[in-house]
file data_12.csv (CSV, C-alpha atoms and all ligand atoms)
chain,number,residue,atom,x,y,z
X,1,MET,CA,42.6,1.0,91.0
X,2,PRO,CA,43.2,4.7,92.0
X,3,THR,CA,46.8,5.9,91.9
X,4,LEU,CA,48.6,7.6,94.7
X,5,GLY,CA,50.0,11.1,94.3
X,6,VAL,CA,52.3,12.1,97.2
X,7,ASN,CA,52.4,15.8,98.0
X,8,ILE,CA,55.9,16.7,99.1
X,9,ASP,CA,55.3,20.4,100.0
X,10,HIS,CA,55.4,19.6,103.7
X,11,VAL,CA,59.1,18.6,103.4
X,12,ALA,CA,59.8,21.9,101.9
X,13,THR,CA,57.9,23.6,104.7
X,14,VAL,CA,60.3,22.2,107.2
X,15,ARG,CA,63.3,23.3,105.1
X,16,GLN,CA,61.9,26.9,104.8
X,17,ALA,CA,61.3,27.1,108.5
X,18,ARG,CA,65.1,27.5,108.7
X,19,ARG,CA,65.7,28.9,105.2
X,20,THR,CA,68.3,26.2,104.8
X,21,ASP,CA,68.9,23.4,102.3
X,22,GLU,CA,67.5,20.4,104.2
X,23,PRO,CA,65.3,18.4,104.2
X,24,ASP,CA,65.2,18.6,100.4
X,25,PRO,CA,61.8,18.0,98.7
X,26,VAL,CA,63.7,16.6,95.7
X,27,TRP,CA,65.1,13.8,97.9
X,28,ALA,CA,61.6,13.3,99.1
X,29,ALA,CA,60.4,12.8,95.6
X,30,ALA,CA,63.0,10.1,95.0
X,31,GLU,CA,62.1,8.4,98.3
X,32,ALA,CA,58.4,8.5,97.6
X,33,GLN,CA,58.9,6.9,94.2
X,34,LEU,CA,61.0,4.1,95.8
X,35,GLY,CA,58.0,3.6,98.2
X,36,GLY,CA,55.7,3.1,95.2
X,37,ALA,CA,54.2,6.6,94.6
X,38,HIS,CA,52.4,6.8,91.2
X,39,CYS,CA,52.7,10.5,91.1
X,40,ILE,CA,54.6,13.3,92.8
X,41,THR,CA,52.6,16.4,93.6
X,42,PHE,CA,54.0,19.8,94.5
X,43,HIS,CA,52.5,23.3,94.8
X,44,LEU,CA,54.5,26.3,93.6
X,45,ARG,CA,52.7,29.1,95.5
X,46,GLU,CA,53.0,32.7,94.5
X,47,ASP,CA,54.5,33.5,97.9
X,48,ARG,CA,57.0,30.6,97.6
X,49,ARG,CA,56.4,29.7,101.2
X,50,HIS,CA,57.5,26.0,100.7
X,51,ILE,CA,58.4,24.9,97.2
X,52,ILE,CA,60.8,27.5,95.7
X,53,ASP,CA,61.8,28.1,92.0
X,54,ARG,CA,65.1,26.1,92.4
X,55,ASP,CA,63.0,22.9,93.2
X,56,VAL,CA,60.9,23.0,90.0
X,57,PRO,CA,63.5,22.0,87.3
X,58,LEU,CA,65.1,19.5,89.7
X,59,LEU,CA,61.7,17.8,90.3
X,60,LYS,CA,61.1,17.7,86.6
X,61,GLU,CA,64.5,16.0,86.2
X,62,VAL,CA,64.3,13.4,89.0
X,63,VAL,CA,60.6,12.4,88.9
X,64,ALA,CA,60.2,9.4,86.6
X,65,CYS,CA,56.5,8.9,87.4
X,66,LYS,CA,53.7,11.4,86.8
X,67,LEU,CA,54.5,14.9,88.0
X,68,ASN,CA,51.6,17.0,89.2
X,69,MET,CA,52.1,20.8,89.7
X,70,GLU,CA,49.5,22.5,91.8
X,71,MET,CA,49.2,26.2,91.1
X,72,ALA,CA,47.0,29.3,91.1
X,73,ALA,CA,45.6,30.5,87.8
X,74,ALA,CA,48.2,33.3,87.9
X,75,MET,CA,50.1,34.1,84.7
X,76,GLU,CA,53.5,34.2,86.3
X,77,ILE,CA,53.0,30.7,87.5
X,78,VAL,CA,51.4,29.5,84.2
X,79,ASP,CA,54.6,30.8,82.4
X,80,ILE,CA,56.7,28.6,84.7
X,81,ALA,CA,54.5,25.6,84.2
X,82,VAL,CA,54.6,26.0,80.4
X,83,ARG,CA,58.4,26.2,80.6
X,84,THR,CA,58.6,23.2,82.9
X,85,ARG,CA,56.0,20.9,81.3
X,86,PRO,CA,54.9,18.7,84.2
X,87,THR,CA,52.6,15.9,83.3
X,88,GLN,CA,49.6,17.6,84.9
X,89,CYS,CA,48.8,21.0,86.4
X,90,THR,CA,46.1,21.2,89.0
X,91,LEU,CA,44.6,24.7,89.4
X,92,VAL,CA,43.9,25.5,93.0
X,93,PRO,CA,42.7,28.6,94.9
X,94,GLU,CA,45.4,30.5,96.8
X,95,LYS,CA,45.1,33.0,99.7
X,96,ARG,CA,48.1,34.3,101.4
X,97,GLU,CA,46.5,34.1,104.9
X,98,GLU,CA,45.6,30.4,104.6
X,99,ILE,CA,47.6,27.6,106.3
X,100,THR,CA,46.9,25.2,103.4
X,101,THR,CA,44.6,25.1,100.4
X,102,GLU,CA,41.2,25.6,102.0
X,103,GLY,CA,38.2,24.5,99.8
X,104,GLY,CA,38.1,24.4,96.0
X,105,LEU,CA,38.6,26.8,93.2
X,106,ASP,CA,35.4,28.7,92.2
X,107,VAL,CA,35.6,28.0,88.4
X,108,VAL,CA,32.2,29.5,87.9
X,109,ARG,CA,33.1,32.9,89.3
X,110,MET,CA,36.7,32.9,87.9
X,111,ALA,CA,35.8,31.4,84.5
X,112,ASP,CA,37.6,34.0,82.4
X,113,ARG,CA,41.0,33.8,84.3
X,114,VAL,CA,40.8,30.0,84.7
X,115,GLY,CA,39.8,29.5,81.0
X,116,GLU,CA,42.8,31.4,79.8
X,117,ALA,CA,45.1,29.3,82.0
X,118,VAL,CA,43.5,26.1,80.8
X,119,ARG,CA,44.1,27.1,77.2
X,120,ARG,CA,47.7,28.0,77.7
X,121,LEU,CA,48.5,24.8,79.7
X,122,LYS,CA,46.7,22.5,77.2
X,123,ASP,CA,48.5,24.2,74.3
X,124,ALA,CA,51.7,23.1,76.0
X,125,GLY,CA,50.5,19.5,76.1
X,126,ILE,CA,49.9,19.5,79.9
X,127,ILE,CA,46.9,17.6,81.4
X,128,VAL,CA,44.8,20.1,83.3
X,129,SER,CA,42.8,19.4,86.5
X,130,ALA,CA,40.6,21.7,88.6
X,131,PHE,CA,40.6,21.4,92.4
X,132,ILE,CA,36.9,22.0,93.1
X,133,GLU,CA,34.3,21.3,95.7
X,134,PRO,CA,31.9,18.5,95.0
X,135,VAL,CA,29.1,20.8,93.7
X,136,PRO,CA,27.2,20.1,90.4
X,137,ALA,CA,27.7,23.6,88.9
X,138,GLN,CA,31.5,23.5,89.6
X,139,ILE,CA,31.8,20.1,87.9
X,140,GLU,CA,29.7,21.2,84.9
X,141,LYS,CA,31.7,24.4,84.5
X,142,SER,CA,35.1,22.5,84.7
X,143,ALA,CA,34.0,20.3,81.8
X,144,ALA,CA,32.8,23.4,79.8
X,145,LEU,CA,36.2,25.2,80.4
X,146,GLY,CA,38.0,22.2,78.9
X,147,PHE,CA,39.6,20.6,81.9
X,148,ASP,CA,40.7,17.0,81.5
X,149,ALA,CA,40.2,16.2,85.1
X,150,ILE,CA,38.8,17.4,88.4
X,151,GLU,CA,40.2,16.9,91.9
X,152,LEU,CA,37.3,16.8,94.4
X,153,TRP,CA,38.0,18.6,97.7
X,154,THR,CA,37.5,15.9,100.3
X,155,GLY,CA,37.7,18.3,103.2
X,156,ALA,CA,34.0,18.2,104.1
X,157,TYR,CA,34.4,14.4,104.7
X,158,ALA,CA,37.7,14.7,106.5
X,159,HIS,CA,36.5,17.5,108.8
X,160,ALA,CA,33.0,16.0,109.5
X,161,LYS,CA,32.2,16.0,113.2
X,162,THR,CA,29.6,13.3,113.3
X,163,PRO,CA,29.1,9.9,111.5
X,164,ALA,CA,25.9,11.3,109.9
X,165,ASP,CA,27.8,14.3,108.4
X,166,ARG,CA,30.5,11.9,107.2
X,167,GLU,CA,27.9,9.7,105.5
X,168,ILE,CA,26.4,12.8,103.8
X,169,ALA,CA,29.9,13.9,102.6
X,170,LEU,CA,30.7,10.4,101.3
X,171,ARG,CA,27.4,10.3,99.3
X,172,THR,CA,28.1,13.8,97.9
X,173,LEU,CA,31.5,12.7,96.8
X,174,ALA,CA,30.1,9.4,95.2
X,175,ASP,CA,27.5,11.4,93.3
X,176,SER,CA,30.1,14.0,92.2
X,177,VAL,CA,32.4,11.2,90.9
X,178,GLN,CA,29.6,9.9,88.7
X,179,GLN,CA,28.7,13.4,87.4
X,180,GLY,CA,32.4,13.9,86.6
X,181,ILE,CA,32.6,10.7,84.7
X,182,ARG,CA,29.4,11.5,82.8
X,183,CYS,CA,31.1,14.8,81.8
X,184,ALA,CA,34.1,12.8,80.5
X,185,LEU,CA,36.3,14.1,83.2
X,186,GLU,CA,38.9,12.0,85.1
X,187,VAL,CA,38.1,12.3,88.8
X,188,HIS,CA,40.7,12.7,91.5
X,189,GLY,CA,40.4,13.4,95.2
X,190,GLY,CA,42.4,15.0,98.0
X,191,HIS,CA,42.7,17.2,101.1
X,192,GLY,CA,42.7,16.0,104.7
X,193,LEU,CA,43.0,12.3,103.9
X,194,THR,CA,44.8,10.2,106.5
X,195,TYR,CA,45.7,6.6,107.2
X,196,ARG,CA,42.6,6.5,109.5
X,197,ASN,CA,40.0,8.0,107.1
X,198,VAL,CA,41.1,7.2,103.6
X,199,SER,CA,39.5,3.8,103.1
X,200,PRO,CA,35.8,4.7,102.7
X,201,VAL,CA,36.7,7.4,100.2
X,202,ALA,CA,39.1,5.1,98.3
X,203,ALA,CA,36.3,2.5,98.1
X,204,ILE,CA,34.0,4.9,96.1
X,205,PRO,CA,34.0,3.6,92.5
X,206,GLY,CA,35.4,5.9,89.9
X,207,PHE,CA,38.2,7.8,91.6
X,208,SER,CA,41.4,7.5,89.5
X,209,GLU,CA,43.9,9.4,91.7
X,210,PHE,CA,44.3,10.6,95.3
X,211,ASN,CA,46.7,13.3,96.3
X,212,ILE,CA,47.8,13.0,99.9
X,213,GLY,CA,50.4,15.0,101.7
X,214,HIS,CA,50.3,15.9,105.4
X,215,SER,CA,49.4,12.5,106.8
X,216,ILE,CA,52.1,10.7,104.8
X,217,ILE,CA,54.9,13.2,105.7
X,218,ALA,CA,53.8,13.1,109.3
X,219,ARG,CA,54.1,9.3,109.4
X,220,ALA,CA,57.4,9.5,107.5
X,221,VAL,CA,59.0,11.4,110.4
X,222,PHE,CA,58.7,8.1,112.4
X,223,VAL,CA,58.9,5.3,109.9
X,224,GLY,CA,60.6,6.8,106.9
X,225,LEU,CA,59.0,8.1,103.6
X,226,ARG,CA,59.3,4.8,101.6
X,227,LYS,CA,57.5,2.8,104.3
X,228,ALA,CA,54.9,5.6,104.8
X,229,VAL,CA,54.1,5.7,101.1
X,230,ARG,CA,54.0,1.9,100.8
X,231,GLU,CA,51.5,1.7,103.7
X,232,MET,CA,49.2,4.4,102.1
X,233,ARG,CA,49.3,2.7,98.8
X,234,GLN,CA,48.3,-0.6,100.4
X,235,LEU,CA,45.4,1.0,102.1
X,236,LEU,CA,44.1,2.3,98.7
X,237,GLU,CA,44.6,-1.1,97.1
X,238,ARG,CA,42.8,-2.9,99.9
X,239,ALA,CA,39.9,-0.4,100.0
X,240,VAL,CA,39.2,-1.0,96.3
X,241,MET,CA,39.4,-4.9,96.7
X,242,ARG,CA,37.0,-4.9,99.6
J,301,LIG,N1,45.2,18.2,96.8
J,301,LIG,C1,45.3,19.5,96.7
J,301,LIG,C2,44.8,20.2,95.5
J,301,LIG,C3,45.9,20.3,97.7
J,301,LIG,O1,46.1,21.6,97.6
J,301,LIG,C4,46.4,19.6,98.8
J,301,LIG,C5,47.1,20.4,100.0
J,301,LIG,O2,48.3,20.8,99.5
J,301,LIG,C6,46.3,18.2,98.9
J,301,LIG,C7,45.7,17.5,97.8
J,301,LIG,C8,46.9,17.4,100.0
J,301,LIG,O3,46.2,17.7,101.2
J,301,LIG,P1,46.8,17.1,102.5
J,301,LIG,O4,48.1,17.6,102.8
J,301,LIG,O5,45.7,17.5,103.5
J,301,LIG,O6,46.8,15.6,102.4
call {"tool": "encode", "arguments": {"input": "data_12.csv", "output": "structure tokens", "more": "lines below"}}
Ligand code: PXP
result
Amino acid sequence: MPTLGVNIDHVATVRQARRTDEPDPVWAAAEAQLGGAHCITFHLREDRRHIIDRDVPLLKEVVACKLNMEMAAAMEIVDIAVRTRPTQCTLVPEKREEITTEGGLDVVRMADRVGEAVRRLKDAGIIVSAFIEPVPAQIEKSAALGFDAIELWTGAYAHAKTPADREIALRTLADSVQQGIRCALEVHGGHGLTYRNVSPVAAIPGFSEFNIGHSIIARAVFVGLRKAVREMRQLLERAVMR
């Protein structure tokens, strides 16, 4: 059964829109856990546009389940991760002009910088995951660089315009999951997953974790975060049982 990581950055985005102290992403972490989240995910960006330094030790303190820190392979952020010791760090690409993480990290092109970050994080006892596109060379290189896990970018599926494109994207994801498992990697998925589109991806055998943010927080505005998390968790469970 894949686990559900709830990305709480979007709560911090609302807070930072006013540079005030509410809504607090740390409260969101507590509520998401009460709704059944298996993991709390946050992204400390170099530009601190949503999660800020003050949030990091507080999240470490209040999160009783798995804590997953998304981050660029930047040494300043690696230092913070090593000090904080979340359960897992997921290395992602970061561009200042992007709205959210767009596409995967190119671990082939950035092998030297990424490899150094992986070594430092693993030495600190942190599980290390690579957010990559479902491409054979990226999966192979992630294993070679010593990652414990990969998170496959599900954007091509989520943004597909036709049923045929969606089918191709699903098949690519299914093949990539199997390649990841053959390389002894844990395989996670995320980006653009919603209540409407998550089931076919969750039904792919072999995924062990999904990280979902925008859609859950969007629903939470109307139904509350506990209920929104519970509903997404039920969708994952039902997709696997089908
Ligand atoms: N996984 C990773 C690595 C991400 O960067 C993001 C976006 O912050 C997500 C999952 C969640 O994506 P979404 O907000 O589209 O559910």
call {"tool": "closest_atom_pairs", "arguments": {"input": "data_12.csv", "of": "chain X", "to": "ligand LIG 301 (chain J)", "cutoff": "7 Å", "atoms": "only C-alpha atoms and all ligand atoms", "output": "tab-separated table"}}
result
residue	atom	partner	partner_atom	distance
X:Asn7	CA	J:LIG301	C8	6.1
X:His43	CA	J:LIG301	O2	6.8
X:Glu70	CA	J:LIG301	C2	6.4
X:Thr90	CA	J:LIG301	C2	6.7
X:Val92	CA	J:LIG301	C2	5.9
X:Thr100	CA	J:LIG301	C5	5.9
X:Thr101	CA	J:LIG301	O1	4.7
X:Phe131	CA	J:LIG301	C2	5.4
X:Glu151	CA	J:LIG301	C2	6.7
X:Gly189	CA	J:LIG301	N1	7.0
X:Gly190	CA	J:LIG301	C7	4.1
X:His191	CA	J:LIG301	O3	3.5
X:Gly192	CA	J:LIG301	O5	3.6
X:Leu193	CA	J:LIG301	O6	5.3
X:Asn211	CA	J:LIG301	C7	4.6
X:Ile212	CA	J:LIG301	O6	3.7
X:Gly213	CA	J:LIG301	O4	3.6
X:His214	CA	J:LIG301	O4	3.8
X:Ser215	CA	J:LIG301	O6	6.0
call {"tool": "atom_distance", "arguments": {"input": "data_12.csv", "atom1": "CA of Glu167 (chain X)", "atom2": "CA of Phe210 (chain X)"}}
result
19.3 Å
call {"tool": "residues_around", "arguments": {"input": "data_12.csv", "residues": "Arg109 (chain X)", "least_positions_apart": "6", "cutoff": "12 Å", "atoms": "all atoms listed in the file", "output": "compact mmCIF listing (two decimals) with C-alpha atoms, keeping the file's coordinate frame"}}
result
# COMPACT_ATOMS: atom_id res chain seq x y z
CA PRO X 93 42.70 28.60 94.90
CA GLY X 115 39.80 29.50 81.00
CA ALA X 137 27.70 23.60 88.90
CA GLN X 138 31.50 23.50 89.60
CA LYS X 141 31.70 24.40 84.50
CA SER X 142 35.10 22.50 84.70
call {"tool": "atom_distance", "arguments": {"input": "data_12.csv", "atom1": "CA of Ser208 (chain X)", "atom2": "CA of Cys183 (chain X)"}}
result
14.8 Å
call {"tool": "closest_residue", "arguments": {"input": "data_12.csv", "among": "X:Ala81, X:Ile127, X:Leu173, X:Ala28", "to": "Ile139 (chain X)", "atoms": "only C-alpha atoms"}}
result
X:Leu173
call {"tool": "atom_distance", "arguments": {"input": "data_12.csv", "atom1": "CA of Gly35 (chain X)", "atom2": "CA of Ala64 (chain X)"}}
result
13.2 Å
call {"tool": "closest_residue", "arguments": {"input": "data_12.csv", "among": "X:Arg219, X:Ala143, X:Gln234, X:Ala169", "to": "Ile204 (chain X)", "atoms": "all atoms listed in the file"}}
result
X:Ala169
call {"tool": "closest_residue", "arguments": {"input": "data_12.csv", "among": "X:Glu231, X:Glu209, X:Glu31, X:Asp47", "to": "Met1 (chain X)", "atoms": "all atoms listed in the file"}}
result
X:Glu209
call {"tool": "closest_residue", "arguments": {"input": "data_12.csv", "among": "X:Met232, X:Val14, X:Ile126, X:Val177", "to": "Gly206 (chain X)", "atoms": "only C-alpha atoms"}}
result
X:Val177
call {"tool": "decode", "arguments": {"input": "data_12.csv", "residues": "region 206-219 of chain X", "atoms": "all heavy atoms", "output": "PDB file, in the first residue's frame"}}
result
ATOM      1  N   GLY X 206       3.967  -1.137  -7.200  1.00  0.00           N
ATOM      2  CA  GLY X 206       5.368  -0.836  -6.893  1.00  0.00           C
ATOM      3  C   GLY X 206       5.630   0.540  -6.313  1.00  0.00           C
ATOM      4  O   GLY X 206       6.674   0.757  -5.700  1.00  0.00           O
ATOM      5  N   PHE X 207       4.710   1.494  -6.494  1.00  0.00           N
ATOM      6  CA  PHE X 207       4.909   2.806  -5.861  1.00  0.00           C
ATOM      7  C   PHE X 207       4.788   2.632  -4.343  1.00  0.00           C
ATOM      8  O   PHE X 207       3.849   2.007  -3.854  1.00  0.00           O
ATOM      9  CB  PHE X 207       3.824   3.795  -6.311  1.00  0.00           C
ATOM     10  CG  PHE X 207       4.141   4.551  -7.561  1.00  0.00           C
ATOM     11  CD1 PHE X 207       3.334   4.429  -8.683  1.00  0.00           C
ATOM     12  CD2 PHE X 207       5.227   5.415  -7.618  1.00  0.00           C
ATOM     13  CE1 PHE X 207       3.606   5.143  -9.843  1.00  0.00           C
ATOM     14  CE2 PHE X 207       5.509   6.142  -8.777  1.00  0.00           C
ATOM     15  CZ  PHE X 207       4.698   6.007  -9.887  1.00  0.00           C
ATOM     16  N   SER X 208       5.703   3.224  -3.594  1.00  0.00           N
ATOM     17  CA  SER X 208       5.598   3.091  -2.135  1.00  0.00           C
ATOM     18  C   SER X 208       5.203   4.398  -1.448  1.00  0.00           C
ATOM     19  O   SER X 208       4.860   4.387  -0.266  1.00  0.00           O
ATOM     20  CB  SER X 208       6.920   2.577  -1.549  1.00  0.00           C
ATOM     21  OG  SER X 208       7.963   3.474  -1.835  1.00  0.00           O
ATOM     22  N   GLU X 209       5.233   5.529  -2.158  1.00  0.00           N
ATOM     23  CA  GLU X 209       4.876   6.816  -1.524  1.00  0.00           C
ATOM     24  C   GLU X 209       4.425   7.796  -2.596  1.00  0.00           C
ATOM     25  O   GLU X 209       4.992   7.821  -3.688  1.00  0.00           O
ATOM     26  CB  GLU X 209       6.120   7.371  -0.795  1.00  0.00           C
ATOM     27  CG  GLU X 209       5.952   8.735  -0.133  1.00  0.00           C
ATOM     28  CD  GLU X 209       7.248   9.163   0.594  1.00  0.00           C
ATOM     29  OE1 GLU X 209       7.717   8.421   1.477  1.00  0.00           O
ATOM     30  OE2 GLU X 209       7.799  10.225   0.247  1.00  0.00           O
ATOM     31  N   PHE X 210       3.390   8.571  -2.275  1.00  0.00           N
ATOM     32  CA  PHE X 210       3.000   9.693  -3.135  1.00  0.00           C
ATOM     33  C   PHE X 210       3.074  10.968  -2.316  1.00  0.00           C
ATOM     34  O   PHE X 210       2.629  10.997  -1.165  1.00  0.00           O
ATOM     35  CB  PHE X 210       1.579   9.501  -3.680  1.00  0.00           C
ATOM     36  CG  PHE X 210       1.482   8.411  -4.700  1.00  0.00           C
ATOM     37  CD1 PHE X 210       0.930   7.184  -4.376  1.00  0.00           C
ATOM     38  CD2 PHE X 210       1.993   8.591  -5.982  1.00  0.00           C
ATOM     39  CE1 PHE X 210       0.873   6.160  -5.308  1.00  0.00           C
ATOM     40  CE2 PHE X 210       1.941   7.570  -6.929  1.00  0.00           C
ATOM     41  CZ  PHE X 210       1.368   6.351  -6.584  1.00  0.00           C
ATOM     42  N   ASN X 211       3.611  12.017  -2.925  1.00  0.00           N
ATOM     43  CA  ASN X 211       3.632  13.323  -2.280  1.00  0.00           C
ATOM     44  C   ASN X 211       2.696  14.248  -3.035  1.00  0.00           C
ATOM     45  O   ASN X 211       2.884  14.495  -4.227  1.00  0.00           O
ATOM     46  CB  ASN X 211       5.059  13.876  -2.246  1.00  0.00           C
ATOM     47  CG  ASN X 211       5.882  13.128  -1.228  1.00  0.00           C
ATOM     48  OD1 ASN X 211       5.579  13.192  -0.027  1.00  0.00           O
ATOM     49  ND2 ASN X 211       6.862  12.373  -1.668  1.00  0.00           N
ATOM     50  N   ILE X 212       1.674  14.719  -2.310  1.00  0.00           N
ATOM     51  CA  ILE X 212       0.612  15.496  -2.946  1.00  0.00           C
ATOM     52  C   ILE X 212       0.368  16.760  -2.123  1.00  0.00           C
ATOM     53  O   ILE X 212       0.264  16.700  -0.896  1.00  0.00           O
ATOM     54  CB  ILE X 212      -0.685  14.648  -3.054  1.00  0.00           C
ATOM     55  CG1 ILE X 212      -0.377  13.311  -3.754  1.00  0.00           C
ATOM     56  CG2 ILE X 212      -1.774  15.423  -3.791  1.00  0.00           C
ATOM     57  CD1 ILE X 212      -1.549  12.352  -3.874  1.00  0.00           C
ATOM     58  N   GLY X 213       0.305  17.899  -2.827  1.00  0.00           N
ATOM     59  CA  GLY X 213       0.154  19.165  -2.120  1.00  0.00           C
ATOM     60  C   GLY X 213      -1.030  19.980  -2.559  1.00  0.00           C
ATOM     61  O   GLY X 213      -2.052  20.068  -1.871  1.00  0.00           O
ATOM     62  N   HIS X 214      -0.926  20.569  -3.759  1.00  0.00           N
ATOM     63  CA  HIS X 214      -1.879  21.607  -4.163  1.00  0.00           C
ATOM     64  C   HIS X 214      -3.339  21.163  -4.058  1.00  0.00           C
ATOM     65  O   HIS X 214      -4.179  21.881  -3.497  1.00  0.00           O
ATOM     66  CB  HIS X 214      -1.573  22.056  -5.597  1.00  0.00           C
ATOM     67  CG  HIS X 214      -2.458  23.148  -6.062  1.00  0.00           C
ATOM     68  ND1 HIS X 214      -2.233  24.471  -5.761  1.00  0.00           N
ATOM     69  CD2 HIS X 214      -3.618  23.125  -6.753  1.00  0.00           C
ATOM     70  CE1 HIS X 214      -3.209  25.199  -6.262  1.00  0.00           C
ATOM     71  NE2 HIS X 214      -4.056  24.402  -6.879  1.00  0.00           N
ATOM     72  N   SER X 215      -3.631  19.976  -4.568  1.00  0.00           N
ATOM     73  CA  SER X 215      -5.024  19.538  -4.617  1.00  0.00           C
ATOM     74  C   SER X 215      -5.600  19.332  -3.207  1.00  0.00           C
ATOM     75  O   SER X 215      -6.759  19.662  -2.941  1.00  0.00           O
ATOM     76  CB  SER X 215      -5.104  18.240  -5.445  1.00  0.00           C
ATOM     77  OG  SER X 215      -6.434  17.911  -5.703  1.00  0.00           O
ATOM     78  N   ILE X 216      -4.780  18.798  -2.317  1.00  0.00           N
ATOM     79  CA  ILE X 216      -5.254  18.558  -0.937  1.00  0.00           C
ATOM     80  C   ILE X 216      -5.512  19.889  -0.223  1.00  0.00           C
ATOM     81  O   ILE X 216      -6.545  20.074   0.425  1.00  0.00           O
ATOM     82  CB  ILE X 216      -4.225  17.706  -0.139  1.00  0.00           C
ATOM     83  CG1 ILE X 216      -4.174  16.287  -0.711  1.00  0.00           C
ATOM     84  CG2 ILE X 216      -4.573  17.686   1.350  1.00  0.00           C
ATOM     85  CD1 ILE X 216      -3.119  15.383  -0.058  1.00  0.00           C
ATOM     86  N   ILE X 217      -4.590  20.832  -0.375  1.00  0.00           N
ATOM     87  CA  ILE X 217      -4.764  22.121   0.316  1.00  0.00           C
ATOM     88  C   ILE X 217      -5.941  22.882  -0.295  1.00  0.00           C
ATOM     89  O   ILE X 217      -6.712  23.545   0.408  1.00  0.00           O
ATOM     90  CB  ILE X 217      -3.458  22.955   0.272  1.00  0.00           C
ATOM     91  CG1 ILE X 217      -2.277  22.174   0.884  1.00  0.00           C
ATOM     92  CG2 ILE X 217      -3.656  24.301   0.982  1.00  0.00           C
ATOM     93  CD1 ILE X 217      -2.456  21.692   2.315  1.00  0.00           C
ATOM     94  N   ALA X 218      -6.119  22.755  -1.630  1.00  0.00           N
ATOM     95  CA  ALA X 218      -7.252  23.416  -2.288  1.00  0.00           C
ATOM     96  C   ALA X 218      -8.580  22.888  -1.731  1.00  0.00           C
ATOM     97  O   ALA X 218      -9.494  23.659  -1.429  1.00  0.00           O
ATOM     98  CB  ALA X 218      -7.173  23.193  -3.797  1.00  0.00           C
ATOM     99  N   ARG X 219      -8.670  21.565  -1.566  1.00  0.00           N
ATOM    100  CA  ARG X 219      -9.906  21.000  -1.013  1.00  0.00           C
ATOM    101  C   ARG X 219     -10.068  21.378   0.458  1.00  0.00           C
ATOM    102  O   ARG X 219     -11.180  21.613   0.931  1.00  0.00           O
ATOM    103  CB  ARG X 219      -9.899  19.475  -1.167  1.00  0.00           C
ATOM    104  CG  ARG X 219     -11.150  18.827  -0.600  1.00  0.00           C
ATOM    105  CD  ARG X 219     -11.272  17.379  -0.970  1.00  0.00           C
ATOM    106  NE  ARG X 219     -11.502  17.211  -2.390  1.00  0.00           N
ATOM    107  CZ  ARG X 219     -12.288  16.281  -2.921  1.00  0.00           C
ATOM    108  NH1 ARG X 219     -12.935  15.435  -2.153  1.00  0.00           N
ATOM    109  NH2 ARG X 219     -12.432  16.182  -4.216  1.00  0.00           N
TER     110      ARG X 219
END
